[in-house]
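Visitor: Please see the structure below; I have some questions.
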Amino acid sequence: MRLRLGQVLEVLGRGQHFELGFSSVAAYALERCDRSVRWVEAARSLARKLEPLHQLRRALAFGNVSWSMAELLARVAQPEDEASWMAAAQGRTVRQMRARVLQATAASERGEPTRMFEPLQPLAIENTDTTDSDEACALTCTVDQEEAWLFEATRALLEQLGMRGHDAQVEALLAEGQGNLLASLPAGWLDLERLELVDTAQRSWVRELRRWRAEAEARCEEHIRAGLASGSVELKQSEPTHGSVPHSAALGLAALESKSAHDLDEVLRDLARALARHELELSRLILQFHRADGWRQLGYATETQYASERLGMSRSSFVARRALALRLDKLPRVAQALGAGQIGVEAAVQVVRVATPRTEAAWVERAQRRTIKHLREEIGAALVAVRSSGEVNCPPPLDTEMIAFHELEQAVVSGRVCQSRPANDARLERDGFVRLDEPGSASRRAWLVMLGSLAEWLEGGIQMSAARAQSLESESPPSKSLASKGRVELRLRVSRANYAWWRGLEAQARRWLPRGTSWLRFLCLSIWNAWRHLLGTSVAYDHIYIRDRYRCSSPVCNRRDVTPHHLQFRSEGGTDDDANVAAVCTWCHLFGVHGGRIRAEGTAEHIHWELGAAGSPCLVVDGRERVAA
């Protein structure tokens, strides 16, 4: 099913996704197939490589070759030698074939003939392990609530500068902080050699772990070969019927190239729903297998080895499915919706991040009515509300609450967050900020507390953070407005290298930091001091871009190369009033709306979107509400 999805997406990605109103295949697959960009690109890549390799494609489609083995062989196999490579893979593990592929690649680069059956080189064990050398780990910081908002604002700034994801943002913070320390401290007072030694020791330890794992897996291979061979025989016994998914995948792209965009979209939607049901069951079995210590019972050296050799998947995919099943155990309503095709895999992955037994029904209903782009925004805001308020049960946000939360990003991209607000600023009184004493607000306490603290922090912004640091440095008691409002725990997923860099640099810098200034505050203020001058530049329609947070207004597009679009065309009497102008990316504006592939009507506060051909759109979104898909 994954191979077939990759094939259909490959054909659709030759330009037909444009006809459906999507600016990229990634945006299409995320919304219509509920699959991440990385998953989609891996599936498309293998589908492309297997197109001239008929035997290997057929073997993968019929289950005689695993996905991981097919990916490996597709790197080097050619139509004239694919049979030889497949014969070499018989009875050999993925690790052994990876060593042979590396040797063949090295020989090809040297201009030597490929000898796939020659003995492996002595050091092949060290060089053939696929375990990530820089696995992610959790970086935990407990900070004042005010510092948590400073960090959220800094993250918004870094996203605007093109750095997305915790790891990239932490790396940027550390680079700017280290540069600030080197510029401020006398030469030699910051021991960079010690940091390099820590990094070298960390990398040496990771290499040693990789060597141990590879050696353990090599020792266990004799015990597991029989199981691999018996599994292949079992799979060969059932030949797929004509017209089935395996049979269609074995035929390749040829039968798809004559289909229209709408036909391909229908095929993809059916495949995505079927694969979601399959992966739900697979995730549950993986969790049961893990609880039974299955990979050890079957004689595998590591869980990674079992996942690669027996299931044909990476360890990260294996662990992700296990984690999803673990959360779905406690959220049966989410599991039921995923199994019934009411929500997709990506929507389920997002919902389980925030849902609890008390709120799962509301979140499932919300996921059914939102595009993935809007669902991610709302769940991201909800997680901030949970951290800020300490309330575990956080329901989906109201539209007014999302408007209020978006003010943080608007304040960042405009540069307004760098300036204290006047006490009579009318923006603090708008309906977007829900009052804490609103009747019946007990169930929405998480949102009320979070938005209240956000509104208070925005009054002072970055200047308040700097002023609090100065007051602590001078040992004078902070004013009431600068006092801490409680503590918040931040958990960031970063690489081990960045984790070691953070802890090592923090240990050295702590004695030079002003009294009471945390390491996180110092890093965030370093970023703002270096990059704040890029904010608030004056260009035409800049207030429109700021209102829309420099994001494409399309409900399925995340591009930021925005242009002003008049919802009612000026040629039809439309005005330049703010309500008639929306920020839309270049493709959605010129090729989508003006190309007849997208229709956007209404006002900037509530746009009615239709994506696809007029009269038969594939997606309709009214405001933030998905009304047809």
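By convention here, the chains of the structure tokens are called A, B, ... in the order presented, each chain's residues are numbered starting at 1, and ligands are numbered starting at 1 in the order presented.
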Quick one: contact table of stretch 505-561 of chain A to stretch 597-600 of chain A, 12 Å max, nearest atom pair and distance in Å to one decimal per residue, counting only C-alpha atoms, chain and number order, as a tab-separated table?

Guide:
residue	atom	partner	partner_atom	distance
A:Ser553	CA	A:Ala600	CA	9.9
A:Ser554	CA	A:Ala600	CA	8.8
A:Pro555	CA	A:Ala600	CA	10.8
A:Val556	CA	A:Ile598	CA	11.6

Visitor: Using N, CA and C atoms, can you export the residues from the last selection as a compact mmCIF listing (two decimals), in the first residue's frame?

Guide:
# COMPACT_ATOMS: atom_id res chain seq x y z
N SER A 553 -2.67 32.59 3.61
CA SER A 553 -3.98 32.43 4.24
C SER A 553 -4.69 31.16 3.81
N SER A 554 -4.21 30.50 2.76
CA SER A 554 -4.85 29.26 2.33
C SER A 554 -4.85 28.25 3.47
N PRO A 555 -5.95 27.51 3.65
CA PRO A 555 -6.04 26.57 4.77
C PRO A 555 -5.15 25.34 4.64
N VAL A 556 -4.44 25.20 3.51
CA VAL A 556 -3.59 24.02 3.32
C VAL A 556 -2.17 24.38 2.94

Visitor: Write out as JSON, numbers by chain the residues lying within 12 Å of A:Cys418, counting only C-alpha atoms and excluding same-chain residues fewer than 3 positions away.

Guide: {"A": [150, 153, 154, 157, 408, 410, 411, 412, 413, 414, 415, 421, 457, 458, 459, 460, 461, 462, 463, 464, 465, 466, 467, 525, 528, 529, 531, 532, 533, 534, 535, 536]}

Visitor: Can you work out the spacing between atom CA of A:Gln350 and atom CA of A:Leu448 in Å, to one decimal?

Guide: 22.3 Å

Visitor: Atom CA of A:Trp149 and atom CA of A:Ser495, how far apart in Å?

Guide: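 Between atom CA of A:Ser495 and atom CA of A:Trp149 the gap is 23.4 Å.
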
Visitor: Between atom CA of A:Ala168 and atom CA of A:Phe151, what is the distance in Å, rounded to a tenth?

Guide: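 Answer for the atom CA of A:Ala168 to atom CA of A:Phe151 separation: 14.1 Å.
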
Visitor: Using only C-alpha atoms, tabulate the residues of stretch 140-249 of chain A lying at most 9 Å from any atom of stretch 298-309 of chain A, each with its closest atom pair and that distance in Å to one decimal, by chain and increasing residue number, as JSON lines.

Guide:
{"residue": "A:Arg213", "atom": "CA", "partner": "A:Thr302", "partner_atom": "CA", "distance": 7.4}
{"residue": "A:Ala214", "atom": "CA", "partner": "A:Ala301", "partner_atom": "CA", "distance": 9.0}
{"residue": "A:Ala216", "atom": "CA", "partner": "A:Ala301", "partner_atom": "CA", "distance": 5.7}
{"residue": "A:Glu217", "atom": "CA", "partner": "A:Ala301", "partner_atom": "CA", "distance": 5.1}
{"residue": "A:Ala218", "atom": "CA", "partner": "A:Ala301", "partner_atom": "CA", "distance": 8.5}
{"residue": "A:Arg219", "atom": "CA", "partner": "A:Ala301", "partner_atom": "CA", "distance": 8.2}
{"residue": "A:Cys220", "atom": "CA", "partner": "A:Tyr300", "partner_atom": "CA", "distance": 6.1}
{"residue": "A:Glu221", "atom": "CA", "partner": "A:Tyr300", "partner_atom": "CA", "distance": 7.8}
{"residue": "A:His223", "atom": "CA", "partner": "A:Gly299", "partner_atom": "CA", "distance": 6.6}
{"residue": "A:Ile224", "atom": "CA", "partner": "A:Gly299", "partner_atom": "CA", "distance": 6.8}
{"residue": "A:Gly227", "atom": "CA", "partner": "A:Leu298", "partner_atom": "CA", "distance": 8.9}
{"residue": "A:Leu228", "atom": "CA", "partner": "A:Glu309", "partner_atom": "CA", "distance": 7.6}

Visitor: Only N, CA and C atoms, please: the residues just picked out, written as a PDB file, in the first residue's frame.

Guide:
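Result written to result.pdb:
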ATOM      1  N   ARG A 213      26.667  -2.394  18.950  1.00  0.00           N
ATOM      2  CA  ARG A 213      25.394  -2.840  18.376  1.00  0.00           C
ATOM      3  C   ARG A 213      25.617  -3.640  17.104  1.00  0.00           C
ATOM      4  N   ALA A 214      26.513  -3.137  16.233  1.00  0.00           N
ATOM      5  CA  ALA A 214      26.776  -3.842  14.978  1.00  0.00           C
ATOM      6  C   ALA A 214      27.365  -5.222  15.245  1.00  0.00           C
ATOM      7  N   ALA A 216      26.987  -7.046  17.989  1.00  0.00           N
ATOM      8  CA  ALA A 216      25.951  -7.897  18.576  1.00  0.00           C
ATOM      9  C   ALA A 216      24.989  -8.399  17.501  1.00  0.00           C
ATOM     10  N   GLU A 217      24.630  -7.523  16.566  1.00  0.00           N
ATOM     11  CA  GLU A 217      23.724  -7.929  15.506  1.00  0.00           C
ATOM     12  C   GLU A 217      24.375  -8.969  14.597  1.00  0.00           C
ATOM     13  N   ALA A 218      25.661  -8.783  14.312  1.00  0.00           N
ATOM     14  CA  ALA A 218      26.363  -9.759  13.480  1.00  0.00           C
ATOM     15  C   ALA A 218      26.397 -11.130  14.155  1.00  0.00           C
ATOM     16  N   ARG A 219      26.583 -11.155  15.476  1.00  0.00           N
ATOM     17  CA  ARG A 219      26.635 -12.428  16.199  1.00  0.00           C
ATOM     18  C   ARG A 219      25.271 -13.123  16.213  1.00  0.00           C
ATOM     19  N   CYS A 220      24.209 -12.327  16.180  1.00  0.00           N
ATOM     20  CA  CYS A 220      22.863 -12.911  16.254  1.00  0.00           C
ATOM     21  C   CYS A 220      22.324 -13.343  14.895  1.00  0.00           C
ATOM     22  N   GLU A 221      23.000 -12.954  13.832  1.00  0.00           N
ATOM     23  CA  GLU A 221      22.447 -13.216  12.505  1.00  0.00           C
ATOM     24  C   GLU A 221      22.287 -14.696  12.211  1.00  0.00           C
ATOM     25  N   HIS A 223      21.358 -16.928  14.180  1.00  0.00           N
ATOM     26  CA  HIS A 223      20.156 -17.433  14.847  1.00  0.00           C
ATOM     27  C   HIS A 223      18.871 -16.987  14.148  1.00  0.00           C
ATOM     28  N   ILE A 224      18.937 -15.881  13.438  1.00  0.00           N
ATOM     29  CA  ILE A 224      17.697 -15.327  12.888  1.00  0.00           C
ATOM     30  C   ILE A 224      17.529 -15.611  11.406  1.00  0.00           C
ATOM     31  N   GLY A 227      14.551 -17.823  10.561  1.00  0.00           N
ATOM     32  CA  GLY A 227      13.276 -17.116  10.665  1.00  0.00           C
ATOM     33  C   GLY A 227      13.013 -16.241   9.466  1.00  0.00           C
ATOM     34  N   LEU A 228      14.073 -15.578   8.958  1.00  0.00           N
ATOM     35  CA  LEU A 228      13.900 -14.738   7.783  1.00  0.00           C
ATOM     36  C   LEU A 228      13.513 -15.570   6.566  1.00  0.00           C
TER      37      LEU A 228
END

Visitor: Here is a test: counting only C-alpha atoms, which residue of A:Met402, A:Cys524, A:Leu271, A:Leu611 is nearest to A:His374?

Guide: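 Under the stated criterion, the closest residue is A:Met402.
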
Visitor: Looking at only C-alpha atoms, which of A:Ala87, A:Phe18, A:Ile546, A:Ser23 is the one that sits closest to A:Trp587?

Guide: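 Ranked by minimum distance to A:Trp587, first place goes to A:Ser23.
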
Visitor: As a count of residues only, list the residues of stretch 545-577 of chain A assigned to strand (DSSP E or B) by DSSP on the backbone atoms of this structure.

Guide: 5

Visitor: Of the candidates A:Ile544, A:Arg315, A:Cys552, A:Leu190, which shows the shortest atom-to-atom distance to A:Ala579, using only C-alpha atoms?

Guide: A:Ile544

Visitor: Excluding same-chain residues fewer than 3 positions from A:Leu139, what lies within 9 Å of it counting only C-alpha atoms, as a PyMOL selection string?

Guide: chain A and resi 490-494+499+502

Visitor: Emit the selected residues as a compact mmCIF listing (two decimals), in the first residue's frame, including N, CA and C atoms.

Guide:
# COMPACT_ATOMS: atom_id res chain seq x y z
N LEU A 490 9.65 23.37 30.42
CA LEU A 490 9.77 23.26 28.97
C LEU A 490 10.54 21.98 28.65
N ARG A 491 10.00 21.18 27.73
CA ARG A 491 10.66 19.95 27.29
C ARG A 491 10.89 20.06 25.78
N LEU A 492 12.15 20.01 25.37
CA LEU A 492 12.53 20.19 23.98
C LEU A 492 13.22 18.93 23.48
N ARG A 493 12.85 18.47 22.29
CA ARG A 493 13.51 17.33 21.68
C ARG A 493 14.66 17.83 20.81
N VAL A 494 15.88 17.52 21.23
CA VAL A 494 17.06 18.01 20.53
C VAL A 494 18.02 16.84 20.30
N TYR A 499 22.33 18.83 22.96
CA TYR A 499 22.12 18.68 24.40
C TYR A 499 23.44 18.85 25.15
N TRP A 502 24.55 22.48 24.99
CA TRP A 502 23.75 23.30 25.91
C TRP A 502 24.26 23.17 27.34

Visitor: If you count only C-alpha atoms, which residues fall within 10 Å of stretch 375-390 of chain A, apart from same-chain ones fewer than 6 positions away, as a PDB file with C-alpha atoms, in the first residue's frame?

Guide:
ATOM      1  CA  ASP A 144       9.509  31.449  35.229  1.00  0.00           C
ATOM      2  CA  GLN A 145       6.278  31.815  33.273  1.00  0.00           C
ATOM      3  CA  GLU A 146       7.508  35.147  31.979  1.00  0.00           C
ATOM      4  CA  ALA A 148       8.451  30.809  28.958  1.00  0.00           C
ATOM      5  CA  TRP A 149       6.671  33.574  27.006  1.00  0.00           C
ATOM      6  CA  GLU A 152       7.793  31.364  22.750  1.00  0.00           C
ATOM      7  CA  GLU A 346      -1.307  12.620  11.049  1.00  0.00           C
ATOM      8  CA  ALA A 347      -4.459  14.001  12.685  1.00  0.00           C
ATOM      9  CA  GLN A 350      -1.447  15.449  16.607  1.00  0.00           C
ATOM     10  CA  VAL A 351      -4.565  14.825  18.732  1.00  0.00           C
ATOM     11  CA  VAL A 352      -2.897  12.346  21.108  1.00  0.00           C
ATOM     12  CA  ARG A 353      -0.359  15.034  22.035  1.00  0.00           C
ATOM     13  CA  VAL A 354      -2.985  17.026  23.919  1.00  0.00           C
ATOM     14  CA  ALA A 355      -6.163  14.948  24.353  1.00  0.00           C
ATOM     15  CA  TRP A 363     -10.642  16.939  19.967  1.00  0.00           C
ATOM     16  CA  ARG A 366     -12.377  19.249  16.019  1.00  0.00           C
ATOM     17  CA  ALA A 367      -9.942  17.141  13.961  1.00  0.00           C
ATOM     18  CA  GLN A 368     -12.788  16.142  11.630  1.00  0.00           C
ATOM     19  CA  ARG A 369     -13.599  19.811  10.994  1.00  0.00           C
ATOM     20  CA  PRO A 396     -10.166  22.814  21.677  1.00  0.00           C
ATOM     21  CA  PRO A 397      -9.906  26.602  21.375  1.00  0.00           C
ATOM     22  CA  LEU A 398     -12.634  28.992  20.351  1.00  0.00           C
ATOM     23  CA  ASP A 399     -11.965  31.162  17.310  1.00  0.00           C
ATOM     24  CA  GLU A 401      -9.016  32.381  21.663  1.00  0.00           C
ATOM     25  CA  MET A 402      -6.948  31.559  18.590  1.00  0.00           C
ATOM     26  CA  PHE A 405      -3.039  33.625  20.786  1.00  0.00           C
ATOM     27  CA  HIS A 406      -1.973  34.751  17.310  1.00  0.00           C
ATOM     28  CA  ARG A 445      -9.556  27.581  32.600  1.00  0.00           C
ATOM     29  CA  ALA A 446      -6.442  26.469  30.668  1.00  0.00           C
ATOM     30  CA  TRP A 447      -7.185  28.942  27.875  1.00  0.00           C
ATOM     31  CA  LEU A 448      -8.243  31.730  30.210  1.00  0.00           C
ATOM     32  CA  VAL A 449      -5.115  31.502  32.352  1.00  0.00           C
ATOM     33  CA  MET A 450      -2.806  31.216  29.347  1.00  0.00           C
ATOM     34  CA  LEU A 451      -4.338  34.129  27.438  1.00  0.00           C
ATOM     35  CA  SER A 453      -0.705  35.711  31.183  1.00  0.00           C
ATOM     36  CA  LEU A 454       0.022  36.322  27.484  1.00  0.00           C
ATOM     37  CA  LYS A 485       4.030  34.512  37.992  1.00  0.00           C
ATOM     38  CA  GLY A 486       4.990  30.886  38.640  1.00  0.00           C
ATOM     39  CA  ARG A 487       7.212  28.210  37.138  1.00  0.00           C
ATOM     40  CA  VAL A 488       6.780  26.350  33.850  1.00  0.00           C
ATOM     41  CA  GLU A 489       8.574  23.230  32.576  1.00  0.00           C
ATOM     42  CA  LEU A 490       9.771  23.263  28.973  1.00  0.00           C
ATOM     43  CA  ARG A 491      10.665  19.954  27.287  1.00  0.00           C
ATOM     44  CA  ARG A 624     -11.496  27.538   9.713  1.00  0.00           C
TER      45      ARG A 624
END

Visitor: With distances taken over only C-alpha atoms, which residue among A:Ala187, A:Val417, A:Val101, A:Val11 lies nearest A:Ala47?

Guide: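 Of A:Ala187, A:Val417, A:Val101, A:Val11, the one nearest A:Ala47, counting only C-alpha atoms, is A:Val11.
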